[in-house]
>>> print(open('target19.txt').read())   # compact mmCIF, C-alpha atoms
# COMPACT_ATOMS: atom_id res chain seq x y z
CA MET A 1 -44.49 -64.81 25.89
CA VAL A 2 -46.15 -66.79 23.10
CA ARG A 3 -48.92 -67.88 25.50
CA MET A 4 -49.49 -64.27 26.57
CA ARG A 5 -49.72 -63.17 22.94
CA SER A 6 -52.25 -65.87 22.19
CA SER A 7 -54.32 -64.88 25.25
CA ILE A 8 -54.31 -61.25 24.11
CA TYR A 9 -55.25 -62.41 20.62
CA ILE A 10 -58.21 -64.41 21.98
CA LEU A 11 -59.29 -61.46 24.14
CA VAL A 12 -59.12 -59.02 21.21
CA SER A 13 -61.00 -61.49 19.00
CA ALA A 14 -63.71 -61.86 21.65
CA VAL A 15 -64.09 -58.07 21.91
CA VAL A 16 -64.26 -57.70 18.11
CA LEU A 17 -66.81 -60.52 17.91
CA PHE A 18 -68.87 -58.94 20.69
CA LEU A 19 -68.92 -55.57 18.94
CA ALA A 20 -69.57 -57.01 15.48
CA LEU A 21 -72.38 -59.44 16.36
CA PRO A 22 -75.32 -56.99 16.61
CA SER A 23 -74.34 -55.21 13.39
CA SER A 24 -73.94 -58.52 11.57
CA SER A 25 -77.38 -59.68 12.75
CA ASN A 26 -78.89 -56.38 11.63
CA ALA A 27 -77.25 -56.72 8.22
CA GLN A 28 -78.66 -60.23 7.84
CA CYS A 29 -82.09 -58.96 8.83
CA LYS A 30 -81.86 -56.13 6.30
CA ASN A 31 -80.95 -58.51 3.49
CA PHE A 32 -83.67 -60.95 4.54
CA ALA A 33 -86.31 -58.18 4.50
CA LYS A 34 -85.12 -56.86 1.14
CA LYS A 35 -84.52 -60.10 -0.71
CA ILE A 36 -87.24 -62.37 0.69
CA CYS A 37 -90.04 -60.54 2.51
CA ARG A 38 -90.39 -57.72 0.00
CA LEU A 39 -91.09 -60.17 -2.81
CA GLU A 40 -94.04 -61.62 -0.88
CA LEU A 41 -95.87 -58.30 -1.24
CA SER A 42 -96.14 -58.56 -5.01
CA PRO A 43 -98.27 -57.35 -6.86
CA TYR A 44 -98.65 -54.71 -4.16
CA VAL A 45 -95.90 -52.05 -4.02
CA HIS A 46 -93.88 -52.03 -0.80
CA ASP A 47 -94.36 -48.71 1.05
CA GLY A 48 -90.58 -48.42 1.60
CA ASN A 49 -90.65 -48.56 5.42
CA TYR A 50 -88.39 -50.99 7.30
CA ASN A 51 -89.79 -52.75 10.36
CA ALA A 52 -87.67 -55.76 11.24
CA ALA A 53 -85.99 -57.15 14.34
CA ILE A 54 -84.28 -60.25 15.66
CA LEU A 55 -86.77 -62.12 17.86
CA THR A 56 -86.34 -65.26 19.95
CA GLU A 57 -89.01 -67.92 20.47
CA GLY A 58 -91.49 -66.67 23.07
CA GLU A 59 -90.91 -62.99 22.22
CA ASP A 60 -93.30 -60.63 20.50
CA ALA A 61 -93.36 -57.25 18.79
CA GLU A 62 -96.03 -54.64 18.15
CA LEU A 63 -96.45 -52.12 15.38
CA PHE A 64 -98.72 -49.06 15.50
CA LYS A 65 -99.88 -47.59 12.20
CA THR A 66 -102.69 -45.52 10.71
CA PHE A 67 -104.37 -47.06 7.66
CA TYR A 68 -106.12 -44.68 5.28
CA ALA A 69 -109.61 -44.83 3.80
CA GLY A 70 -109.65 -45.80 0.14
CA GLN A 71 -106.22 -47.46 0.14
CA GLN A 72 -105.94 -51.24 -0.15
CA TYR A 73 -103.14 -52.82 1.88
CA ARG A 74 -101.30 -56.12 2.15
CA ILE A 75 -99.67 -56.91 5.49
CA SER A 76 -96.88 -59.43 5.18
CA VAL A 77 -95.16 -60.89 8.23
CA CYS A 78 -92.25 -63.13 7.50
CA GLY A 79 -89.65 -64.85 9.61
CA SER A 80 -86.30 -66.38 8.76
CA GLU A 81 -86.02 -70.15 8.22
CA THR A 82 -84.79 -70.79 11.77
CA LEU A 83 -88.22 -69.85 13.10
CA ASN A 84 -90.96 -72.37 12.34
CA LYS A 85 -93.99 -70.14 12.12
CA ILE A 86 -94.93 -66.62 13.09
CA GLU A 87 -98.31 -65.68 14.49
CA PHE A 88 -99.72 -62.24 13.76
CA MET A 89 -102.85 -60.44 14.84
CA VAL A 90 -104.44 -57.21 13.65
CA MET A 91 -106.19 -55.32 16.46
CA ASP A 92 -108.07 -52.05 16.80
CA VAL A 93 -106.97 -49.44 19.36
CA ASP A 94 -109.07 -51.17 22.04
CA ARG A 95 -107.05 -54.31 21.31
CA LYS A 96 -110.05 -56.12 19.87
CA VAL A 97 -108.69 -58.79 17.51
CA LEU A 98 -109.87 -58.20 13.94
CA TYR A 99 -107.74 -60.86 12.28
CA THR A 100 -105.38 -63.60 13.38
CA ASN A 101 -103.42 -65.80 11.02
CA ALA A 102 -103.58 -68.59 13.66
CA LYS A 103 -107.14 -69.21 12.41
CA ASN A 104 -105.97 -69.08 8.80
CA ASN A 105 -103.31 -71.75 8.67
CA PHE A 106 -100.59 -69.28 9.71
CA ALA A 107 -100.89 -67.38 6.42
CA THR A 108 -98.00 -64.95 6.00
CA SER A 109 -100.08 -62.13 4.54
CA TRP A 110 -103.52 -60.50 4.76
CA ASP A 111 -105.17 -58.15 2.25
CA PHE A 112 -107.62 -55.53 3.44
CA ARG A 113 -108.99 -52.05 2.99
CA VAL A 114 -110.48 -49.70 5.56
CA GLU A 115 -113.79 -47.96 4.96
CA ASN A 116 -112.69 -45.14 7.25
CA THR A 117 -109.18 -44.23 8.37
CA GLN A 118 -108.15 -46.41 11.33
CA GLN A 119 -105.29 -46.75 13.75
CA LEU A 120 -104.45 -50.43 14.04
CA ILE A 121 -101.99 -52.50 16.03
CA ILE A 122 -100.14 -55.44 14.50
CA LEU A 123 -99.01 -57.94 17.14
CA VAL A 124 -96.40 -60.47 16.06
CA LYS A 125 -95.56 -63.49 18.21
CA VAL A 126 -92.87 -66.11 17.81
CA PRO A 127 -94.27 -69.29 19.40
CA VAL A 128 -91.91 -71.59 21.32
CA THR A 129 -91.54 -74.77 19.32
CA SER A 130 -88.17 -75.94 20.63
CA SER A 131 -88.29 -78.73 23.21
CA LYS A 132 -87.24 -78.16 26.84
CA ASN A 133 -83.70 -79.38 26.28
CA GLU A 134 -83.14 -77.39 23.12
CA GLU A 135 -81.78 -73.86 22.95
CA LEU A 136 -84.45 -71.29 21.98
CA LYS A 137 -84.16 -70.29 18.34
CA SER A 138 -83.79 -66.70 17.17
CA GLY A 139 -84.28 -65.15 13.77
CA CYS A 140 -85.28 -62.10 11.82
CA VAL A 141 -88.95 -61.12 11.72
CA ALA A 142 -90.13 -58.41 9.32
CA ILE A 143 -93.50 -56.66 9.15
CA MET A 144 -94.01 -55.11 5.75
CA PHE A 145 -96.84 -53.22 4.06
CA GLY A 146 -97.82 -53.31 0.43
CA LEU A 147 -99.93 -50.65 -1.30
CA LYS A 148 -102.33 -51.47 -4.12
CA THR A 149 -101.77 -49.21 -7.09
CA ASP A 150 -104.48 -48.33 -9.63
CA MET B 1 -49.75 -69.68 38.50
CA LEU B 2 -49.14 -67.01 35.85
CA LYS B 3 -50.99 -69.10 33.27
CA GLY B 4 -53.90 -69.51 35.70
CA SER B 5 -54.07 -65.75 36.28
CA LYS B 6 -54.22 -65.08 32.55
CA GLU B 7 -57.01 -67.57 32.07
CA ILE B 8 -58.93 -66.02 34.96
CA LEU B 9 -58.35 -62.58 33.43
CA LEU B 10 -59.57 -63.83 30.05
CA LEU B 11 -62.62 -65.53 31.51
CA SER B 12 -63.43 -62.45 33.60
CA ALA B 13 -63.23 -60.23 30.51
CA MET B 14 -65.54 -62.51 28.55
CA ALA B 15 -67.96 -62.77 31.48
CA THR B 16 -67.99 -58.97 31.79
CA MET B 17 -68.84 -58.68 28.10
CA ALA B 18 -71.63 -61.20 28.47
CA VAL B 19 -73.06 -59.27 31.44
CA LEU B 20 -72.74 -56.04 29.44
CA ALA B 21 -74.56 -57.61 26.51
CA VAL B 22 -77.45 -58.65 28.73
CA SER B 23 -77.59 -55.36 30.63
CA CYS B 24 -77.56 -53.30 27.41
CA LYS B 25 -80.62 -55.20 26.20
CA CYS B 26 -82.43 -54.86 29.54
CA ASN B 27 -81.74 -51.13 29.72
CA ARG B 28 -83.15 -50.64 26.27
CA GLU B 29 -86.25 -52.59 27.15
CA SER B 30 -86.86 -50.73 30.41
CA GLU B 31 -86.37 -47.43 28.60
CA GLN B 32 -89.04 -48.44 26.09
CA MET B 33 -91.36 -49.53 28.89
CA LEU B 34 -90.89 -46.19 30.62
CA GLN B 35 -91.72 -44.33 27.44
CA VAL B 36 -94.78 -46.43 26.81
CA SER B 37 -96.01 -45.88 30.37
CA GLN B 38 -95.63 -42.12 29.99
CA GLU B 39 -97.29 -42.07 26.62
CA GLN B 40 -100.25 -44.12 27.64
CA GLY B 41 -101.03 -41.77 30.53
CA VAL B 42 -104.53 -42.74 31.48
CA ALA B 43 -104.55 -46.01 29.59
CA ASP B 44 -105.85 -48.92 31.61
CA SER B 45 -103.34 -51.06 33.45
CA ALA B 46 -104.14 -54.17 31.42
CA LEU B 47 -103.10 -52.39 28.23
CA VAL B 48 -99.90 -51.08 29.81
CA SER B 49 -98.88 -54.47 31.21
CA SER B 50 -99.62 -56.07 27.85
CA ILE B 51 -97.32 -53.59 26.09
CA GLU B 52 -94.62 -53.99 28.76
CA SER B 53 -94.19 -57.63 27.84
CA VAL B 54 -93.51 -56.72 24.21
CA LYS B 55 -89.87 -56.90 23.16
CA GLN B 56 -89.98 -54.44 20.28
CA ILE B 57 -92.38 -51.62 19.47
CA PHE B 58 -92.55 -50.03 16.02
CA TYR B 59 -94.31 -46.76 15.23
CA SER B 60 -94.88 -46.72 11.50
CA LEU B 61 -95.63 -43.44 9.72
CA PRO B 62 -97.01 -43.26 6.20
CA SER B 63 -93.95 -43.40 3.95
CA PRO B 64 -93.46 -40.71 1.25
CA LEU B 65 -94.87 -43.19 -1.28
CA GLU B 66 -98.00 -43.88 0.78
CA THR B 67 -98.44 -40.15 1.45
CA ALA B 68 -98.35 -39.43 -2.29
CA MET B 69 -100.87 -42.24 -2.98
CA ILE B 70 -103.23 -40.87 -0.31
CA LEU B 71 -102.95 -37.42 -1.91
CA LYS B 72 -103.76 -38.73 -5.36
CA ARG B 73 -106.67 -40.89 -4.19
CA SER B 74 -108.21 -37.95 -2.38
CA GLY B 75 -108.41 -35.92 -5.57
CA ALA B 76 -105.17 -33.91 -5.45
CA THR B 77 -103.98 -32.24 -8.62
CA TYR B 78 -100.31 -31.85 -9.60
CA ASN B 79 -98.76 -28.49 -8.80
CA GLU B 80 -94.98 -28.36 -9.19
CA GLU B 81 -94.87 -24.90 -7.63
CA LEU B 82 -95.70 -26.49 -4.28
CA LEU B 83 -92.56 -28.66 -4.28
CA ASN B 84 -89.33 -27.65 -2.57
CA PRO B 85 -87.10 -26.34 -5.40
CA VAL B 86 -84.05 -28.55 -5.98
CA LYS B 87 -81.81 -25.47 -5.98
CA ASN B 88 -82.49 -25.19 -2.23
CA ALA B 89 -80.45 -28.37 -1.67
CA SER B 90 -77.19 -26.41 -1.43
CA LYS B 91 -78.52 -24.68 1.71
CA TYR B 92 -78.82 -27.90 3.67
CA ASN B 93 -75.56 -28.62 5.47
CA THR B 94 -76.58 -29.92 8.89
CA THR B 95 -77.73 -33.45 9.68
CA LYS B 96 -81.15 -32.17 10.72
CA SER B 97 -81.74 -30.06 7.59
CA MET B 98 -80.47 -32.81 5.27
CA ALA B 99 -82.61 -35.45 6.98
CA LEU B 100 -85.76 -33.30 6.96
CA ASN B 101 -85.25 -32.39 3.33
CA LEU B 102 -84.45 -35.95 2.28
CA GLY B 103 -87.94 -36.74 3.59
CA ILE B 104 -89.42 -33.66 1.91
CA TYR B 105 -87.75 -34.38 -1.44
CA SER B 106 -88.77 -38.06 -1.20
CA THR B 107 -92.42 -37.06 -0.88
CA ASP B 108 -92.02 -34.57 -3.78
CA LEU B 109 -90.44 -37.36 -5.82
CA SER B 110 -93.27 -39.79 -5.04
CA TYR B 111 -95.93 -37.13 -5.76
CA ALA B 112 -94.32 -36.27 -9.13
CA SER B 113 -94.01 -39.95 -10.09
CA LEU B 114 -97.68 -40.71 -9.37
CA PHE B 115 -98.67 -37.90 -11.74
CA ASP B 116 -96.28 -39.27 -14.42
CA GLN B 117 -94.01 -36.23 -14.20
CA THR B 118 -90.94 -38.09 -15.35
CA GLN B 119 -88.49 -35.18 -15.61
CA ALA B 120 -89.47 -33.97 -12.13
CA THR B 121 -89.17 -37.56 -10.84
CA ILE B 122 -85.59 -37.85 -12.10
CA LYS B 123 -84.76 -34.35 -10.81
CA TYR B 124 -86.10 -35.14 -7.32
CA MET B 125 -84.42 -38.58 -7.22
CA THR B 126 -81.10 -36.86 -8.04
CA VAL B 127 -81.53 -34.31 -5.27
CA SER B 128 -82.61 -37.08 -2.83
CA LYS B 129 -79.38 -38.91 -3.71
CA LYS B 130 -77.45 -35.75 -2.85
CA MET B 131 -79.17 -35.48 0.56
CA ALA B 132 -78.60 -39.20 1.26
CA GLU B 133 -74.92 -38.87 0.41
CA GLY B 134 -74.66 -35.84 2.68
CA LEU B 135 -76.03 -37.98 5.49
CA GLY B 136 -73.47 -40.69 4.75
CA ILE B 137 -76.04 -43.16 3.41
CA LEU B 138 -73.83 -43.80 0.42
CA ASN B 139 -75.36 -46.94 -1.05
CA ALA B 140 -79.04 -46.08 -0.65
CA ILE B 141 -79.37 -44.36 -4.03
CA ASP B 142 -76.64 -45.03 -6.58
CA ASN B 143 -76.28 -43.92 -10.20
CA SER B 144 -77.94 -47.12 -11.45
CA VAL B 145 -81.19 -45.95 -9.78
CA ILE B 146 -81.20 -42.72 -11.80
CA GLU B 147 -80.35 -44.71 -14.96
CA LYS B 148 -83.19 -47.14 -14.24
CA LEU B 149 -85.64 -44.22 -13.95
CA GLU B 150 -84.36 -42.73 -17.21
CA GLU B 151 -84.73 -46.06 -19.00
CA ASN B 152 -88.28 -46.57 -17.71
CA ILE B 153 -89.78 -43.11 -18.01
CA ASN B 154 -93.02 -44.56 -19.40
CA ASN B 155 -93.30 -47.45 -16.98
CA ARG B 156 -94.90 -46.24 -13.77
CA ASP B 157 -94.74 -49.67 -12.09
CA VAL B 158 -90.96 -49.82 -12.45
CA ILE B 159 -90.66 -46.22 -11.25
CA LEU B 160 -92.75 -46.91 -8.13
CA GLU B 161 -90.80 -50.11 -7.39
CA THR B 162 -87.54 -48.18 -7.76
CA ILE B 163 -88.69 -45.44 -5.38
CA SER B 164 -89.91 -48.06 -2.88
CA GLU B 165 -86.54 -49.83 -3.03
CA THR B 166 -84.58 -46.62 -2.41
CA LEU B 167 -86.80 -45.76 0.58
CA LEU B 168 -86.23 -49.24 2.01
CA ASN B 169 -82.47 -48.95 1.41
CA THR B 170 -82.34 -45.61 3.23
CA ASN B 171 -84.43 -46.81 6.20
CA SER B 172 -82.66 -50.14 6.59
CA ILE B 173 -79.13 -48.69 6.30
CA LEU B 174 -79.93 -46.13 9.02
CA GLU B 175 -81.41 -48.85 11.24
CA GLU B 176 -78.37 -51.05 10.66
CA ASP B 177 -76.02 -48.17 11.50
CA ASP B 178 -77.98 -47.45 14.69
CA ARG B 179 -79.05 -44.04 13.37
CA VAL B 180 -82.73 -44.41 14.19
CA ALA B 181 -83.05 -40.71 15.11
CA VAL B 182 -82.00 -39.63 11.59
CA GLY B 183 -84.46 -42.14 10.09
CA SER B 184 -87.27 -40.68 12.23
CA ILE B 185 -86.43 -37.11 11.15
CA ILE B 186 -86.55 -38.18 7.48
CA LEU B 187 -89.99 -39.76 7.98
CA VAL B 188 -91.36 -36.71 9.78
CA GLY B 189 -90.00 -34.43 6.99
CA GLY B 190 -91.80 -36.56 4.41
CA TRP B 191 -95.00 -36.55 6.43
CA ILE B 192 -94.98 -32.74 6.88
CA GLU B 193 -94.46 -32.30 3.12
CA GLY B 194 -97.55 -34.43 2.41
CA LEU B 195 -99.56 -32.35 4.87
CA TYR B 196 -98.20 -29.15 3.29
CA ILE B 197 -99.15 -30.21 -0.25
CA ALA B 198 -102.62 -31.33 0.91
CA THR B 199 -103.43 -28.18 2.91
CA SER B 200 -102.03 -25.94 0.14
CA LEU B 201 -104.42 -27.52 -2.34
CA VAL B 202 -107.41 -26.55 -0.18
CA GLU B 203 -108.39 -22.90 -0.38
CA ASP B 204 -111.84 -23.18 1.17
CA ILE B 205 -112.99 -26.33 2.96
CA ASN B 206 -116.56 -25.74 1.76
CA LYS B 207 -115.52 -25.61 -1.89
CA VAL B 208 -113.26 -28.63 -2.32
CA ASP B 209 -113.57 -32.38 -2.51
CA ILE B 210 -114.48 -33.45 1.02
CA GLU B 211 -112.14 -36.45 0.71
CA MET B 212 -109.07 -34.23 0.71
CA VAL B 213 -110.25 -32.43 3.86
CA ASP B 214 -111.00 -35.82 5.49
CA ARG B 215 -107.45 -37.05 4.80
CA ILE B 216 -106.03 -33.84 6.31
CA ILE B 217 -108.20 -34.40 9.41
CA ASP B 218 -107.02 -38.05 9.53
CA GLN B 219 -103.46 -36.85 10.01
CA LYS B 220 -104.44 -36.15 13.61
CA LEU B 221 -104.16 -39.93 14.08
CA SER B 222 -100.75 -40.11 12.39
CA LEU B 223 -99.55 -37.16 14.49
CA GLN B 224 -99.86 -39.41 17.57
CA THR B 225 -97.55 -41.90 15.81
CA VAL B 226 -95.15 -39.04 14.93
CA LEU B 227 -94.93 -38.06 18.62
CA LYS B 228 -94.36 -41.65 19.79
CA LEU B 229 -91.75 -42.23 17.09
CA LEU B 230 -89.83 -39.12 18.14
CA GLU B 231 -90.11 -40.01 21.85
CA GLN B 232 -88.09 -43.14 21.08
CA SER B 233 -85.09 -40.94 20.16
CA ASN B 234 -85.55 -38.14 22.67
CA SER B 235 -81.88 -38.21 23.67
CA ASN B 236 -81.13 -36.58 20.31
CA ALA B 237 -81.22 -32.74 20.35
CA ASP B 238 -82.52 -32.46 16.74
CA VAL B 239 -85.34 -34.86 17.57
CA ARG B 240 -86.24 -32.86 20.68
CA GLU B 241 -86.55 -29.67 18.58
CA LEU B 242 -88.73 -31.45 16.06
CA TYR B 243 -90.82 -32.94 18.87
CA SER B 244 -91.47 -29.47 20.25
CA ASP B 245 -92.69 -28.33 16.78
CA MET B 246 -94.99 -31.34 16.60
CA LEU B 247 -96.45 -30.49 20.01
CA GLU B 248 -97.37 -27.06 18.61
CA LEU B 249 -99.06 -28.77 15.69
CA GLU B 250 -100.86 -31.04 18.13
CA LYS B 251 -102.30 -27.98 19.91
CA VAL B 252 -104.00 -26.96 16.64
CA TYR B 253 -105.13 -30.53 15.92
CA ASN B 254 -106.72 -30.68 19.38
CA ASP B 255 -109.56 -28.55 17.96
CA VAL B 256 -110.16 -31.13 15.22
CA LYS B 257 -112.53 -33.84 16.45
CA ILE B 258 -112.51 -37.49 15.37
CA THR B 259 -114.68 -40.22 16.85
CA VAL B 260 -114.39 -43.78 15.65
CA SER B 261 -117.06 -46.43 16.14
CA ASP B 262 -116.50 -50.18 16.59
CA VAL B 263 -114.68 -51.83 13.71
CA LYS B 264 -116.30 -54.80 11.95
CA VAL B 265 -114.50 -57.05 9.49
CA ILE B 266 -116.30 -58.13 6.33
CA GLN B 267 -114.36 -60.84 4.50
CA ASP B 268 -115.05 -61.08 0.77
CA GLY B 269 -114.65 -64.75 -0.12
CA LYS B 270 -114.27 -63.99 -3.84
CA SER B 271 -111.68 -61.21 -3.87
CA LYS B 272 -110.04 -62.41 -0.60
CA VAL B 273 -109.82 -58.75 0.40
CA ALA B 274 -111.35 -57.91 3.78
CA THR B 275 -113.07 -54.60 4.46
CA LEU B 276 -112.85 -52.99 7.89
CA LYS B 277 -116.11 -51.17 8.38
CA SER B 278 -116.63 -48.40 10.93
CA LYS B 279 -118.17 -44.99 11.20
CA ASN B 280 -115.88 -42.04 11.79
CA VAL B 281 -117.37 -38.69 12.73
CA THR B 282 -115.01 -35.78 12.07
CA THR B 283 -115.43 -32.10 12.76
CA VAL B 284 -113.32 -29.13 11.69
CA SER B 285 -114.45 -25.52 11.44
CA PRO B 286 -113.14 -23.18 8.68
CA GLU B 287 -111.33 -21.16 11.39
CA VAL B 288 -109.55 -24.23 12.80
CA PHE B 289 -108.65 -25.37 9.28
CA LYS B 290 -107.14 -21.94 8.58
CA LYS B 291 -105.08 -22.16 11.79
CA LEU B 292 -103.93 -25.65 10.83
CA LYS B 293 -102.93 -24.55 7.33
CA THR B 294 -101.01 -21.55 8.72
CA LYS B 295 -99.14 -23.77 11.21
CA VAL B 296 -98.22 -26.34 8.54
CA ILE B 297 -96.96 -23.61 6.19
CA GLU B 298 -94.90 -22.11 9.04
CA LEU B 299 -93.27 -25.47 9.88
CA ARG B 300 -92.59 -26.35 6.26
CA LYS B 301 -91.06 -22.89 5.65
CA LYS B 302 -88.82 -23.41 8.70
CA TYR B 303 -87.64 -26.83 7.48
CA THR B 304 -86.93 -25.79 3.89
CA ALA B 305 -85.31 -22.40 4.73
>>> encode(input="target19.txt", output="structure tokens")
Amino acid sequence: MVRMRSSIYILVSAVVLFLALPSSSNAQCKNFAKKICRLELSPYVHDGNYNAAILTEGEDAELFKTFYAGQQYRISVCGSETLNKIEFMVMDVDRKVLYTNAKNNFATSWDFRVENTQQLIILVKVPVTSSKNEELKSGCVAIMFGLKTD
Amino acid sequence: MLKGSKEILLLSAMATMAVLAVSCKCNRESEQMLQVSQEQGVADSALVSSIESVKQIFYSLPSPLETAMILKRSGATYNEELLNPVKNASKYNTTKSMALNLGIYSTDLSYASLFDQTQATIKYMTVSKKMAEGLGILNAIDNSVIEKLEENINNRDVILETISETLLNTNSILEEDDRVAVGSIILVGGWIEGLYIATSLVEDINKVDIEMVDRIIDQKLSLQTVLKLLEQSNSNADVRELYSDMLELEKVYNDVKITVSDVKVIQDGKSKVATLKSKNVTTVSPEVFKKLKTKVIELRKKYTA
């Protein structure tokens, strides 16, 4: 009877853990974006949008956004400590690479303005740095935009 | 034997959950891939296959704060009569109307703050809080936010930071709660309000600052992002209704022409700020502009009714 109760307890715990895990990861990602990444935009003002996800080594994410003439922007891409470095590229709609931080010492931000309004694509990659025998690492990656005020 | 059966049962249950976890992720990814393939239409296969390998795709619209900054930079003046009166808030009782008007009020709030309209800023933050609470986003805007605005009425930097923080709180809480559809409706509401204020400030396209007209034309590009953003939540009935409205707006924007030349990057070594140079050619006739303005007014009237 005791054994059965403990089995049920383990089963219930496993179900609760299964249901709670994604929400807990999302909460961690939210706090990471708010408390760490947002600060990296200073002195630019964060636009208020939230673009963050849990990525594993070898995975990538893309963001599509229109950037407006006359406005100066800061793109900041930051990853949680578990991930060594994050690569990001800025491309035009034909996927021509306009900037890559891989050629800039894996800088976490890039400041730019557009002469004319442009649709751009931000490609974020998490390179695999773990060795063959190690488990692939996962962590939160946030793409945030800062706006220059007058 | 009984003990063995229980262990098998336990292991089977855990294995089933593991399989479910993996299959949930795969389904989501294939759904995204399907949407991307449909959206791209005639896009070349290399582009499609490149996108298919991407785990997560974000479609980012200008936030209410960015919309207000674009308005100000393009020569907009402040006109409080254009804003959605706060007394209308009591009419919004459905998720869709509260979400749309949280976006609309957030743009009004950002617009007022950029023109140093402190009383209007506090008024619109208070009504945004009411909409957020109605949507169950209880911690996005608390009383300390209103107090912070009141204490810093002459400090625009603090006001902008506070607005930015509340927008981030709202967006991230909705994402965390898996309410992406509501978040998308809020963003589209905010975007429509920016377009409404901009088009309302232009009486005659030949007699106003060309920059304002250019920014209105540029929204044709953001409209594509609006459509893709809404497609991601097309299982939601409210989103489908909004999507259908946006398709009507797209029909009008189809008569607005934008061509973009190759983009070149000029890096300024001194300021460390790069400039992306290109030549855009845009065309809009007074008749098309009038049609666009009428459509935007019609949509905005529908959302604030």
>>> closest_residue(input="target19.txt", among="A:Lys30, A:His46, A:Arg113, A:Lys35", to="A:Met144", atoms="only C-alpha atoms")
A:His46
>>> interface_residues(input="target19.txt", of="chain B", to="chain A", cutoff="7 Å", atoms="all atoms listed in the file", output="PyMOL selection string")
chain B and resi 10+54-61+63+65-66+161+164-165+167-168+171-172+176+218+221-222+265+273-280
>>> residues_around(input="target19.txt", residues="B:Glu203", least_positions_apart="2", cutoff="12 Å", atoms="all atoms listed in the file", output="list in words")
Ile197, Ala198, Thr199, Ser200, Leu201, Ile205, Asn206, Lys207, Val208, Asp209, Met212, Val213, Pro286, Phe289, Lys290, Lys293 and Thr294 of chain B
>>> closest_residue(input="target19.txt", among="B:Glu150, B:Gly103, B:Asp204, B:Pro62", to="B:Thr225", atoms="only C-alpha atoms")
B:Pro62
>>> atom_distance(input="target19.txt", atom1="atom CA of A:Lys132", atom2="atom CA of A:Asn104")
27.5 Å
>>> atom_distance(input="target19.txt", atom1="atom CA of B:Ser106", atom2="atom CA of B:Asp177")
20.6 Å
>>> atom_distance(input="target19.txt", atom1="atom CA of B:Ile210", atom2="atom CA of B:Ala76")
11.3 Å
>>> residues_around(input="target19.txt", residues="B:Lys130", least_positions_apart="3", cutoff="12 Å", atoms="all atoms listed in the file", output="PyMOL selection string")
chain B and resi 86-90+92-93+98-99+101-102+105-106+123-127+133-143+146
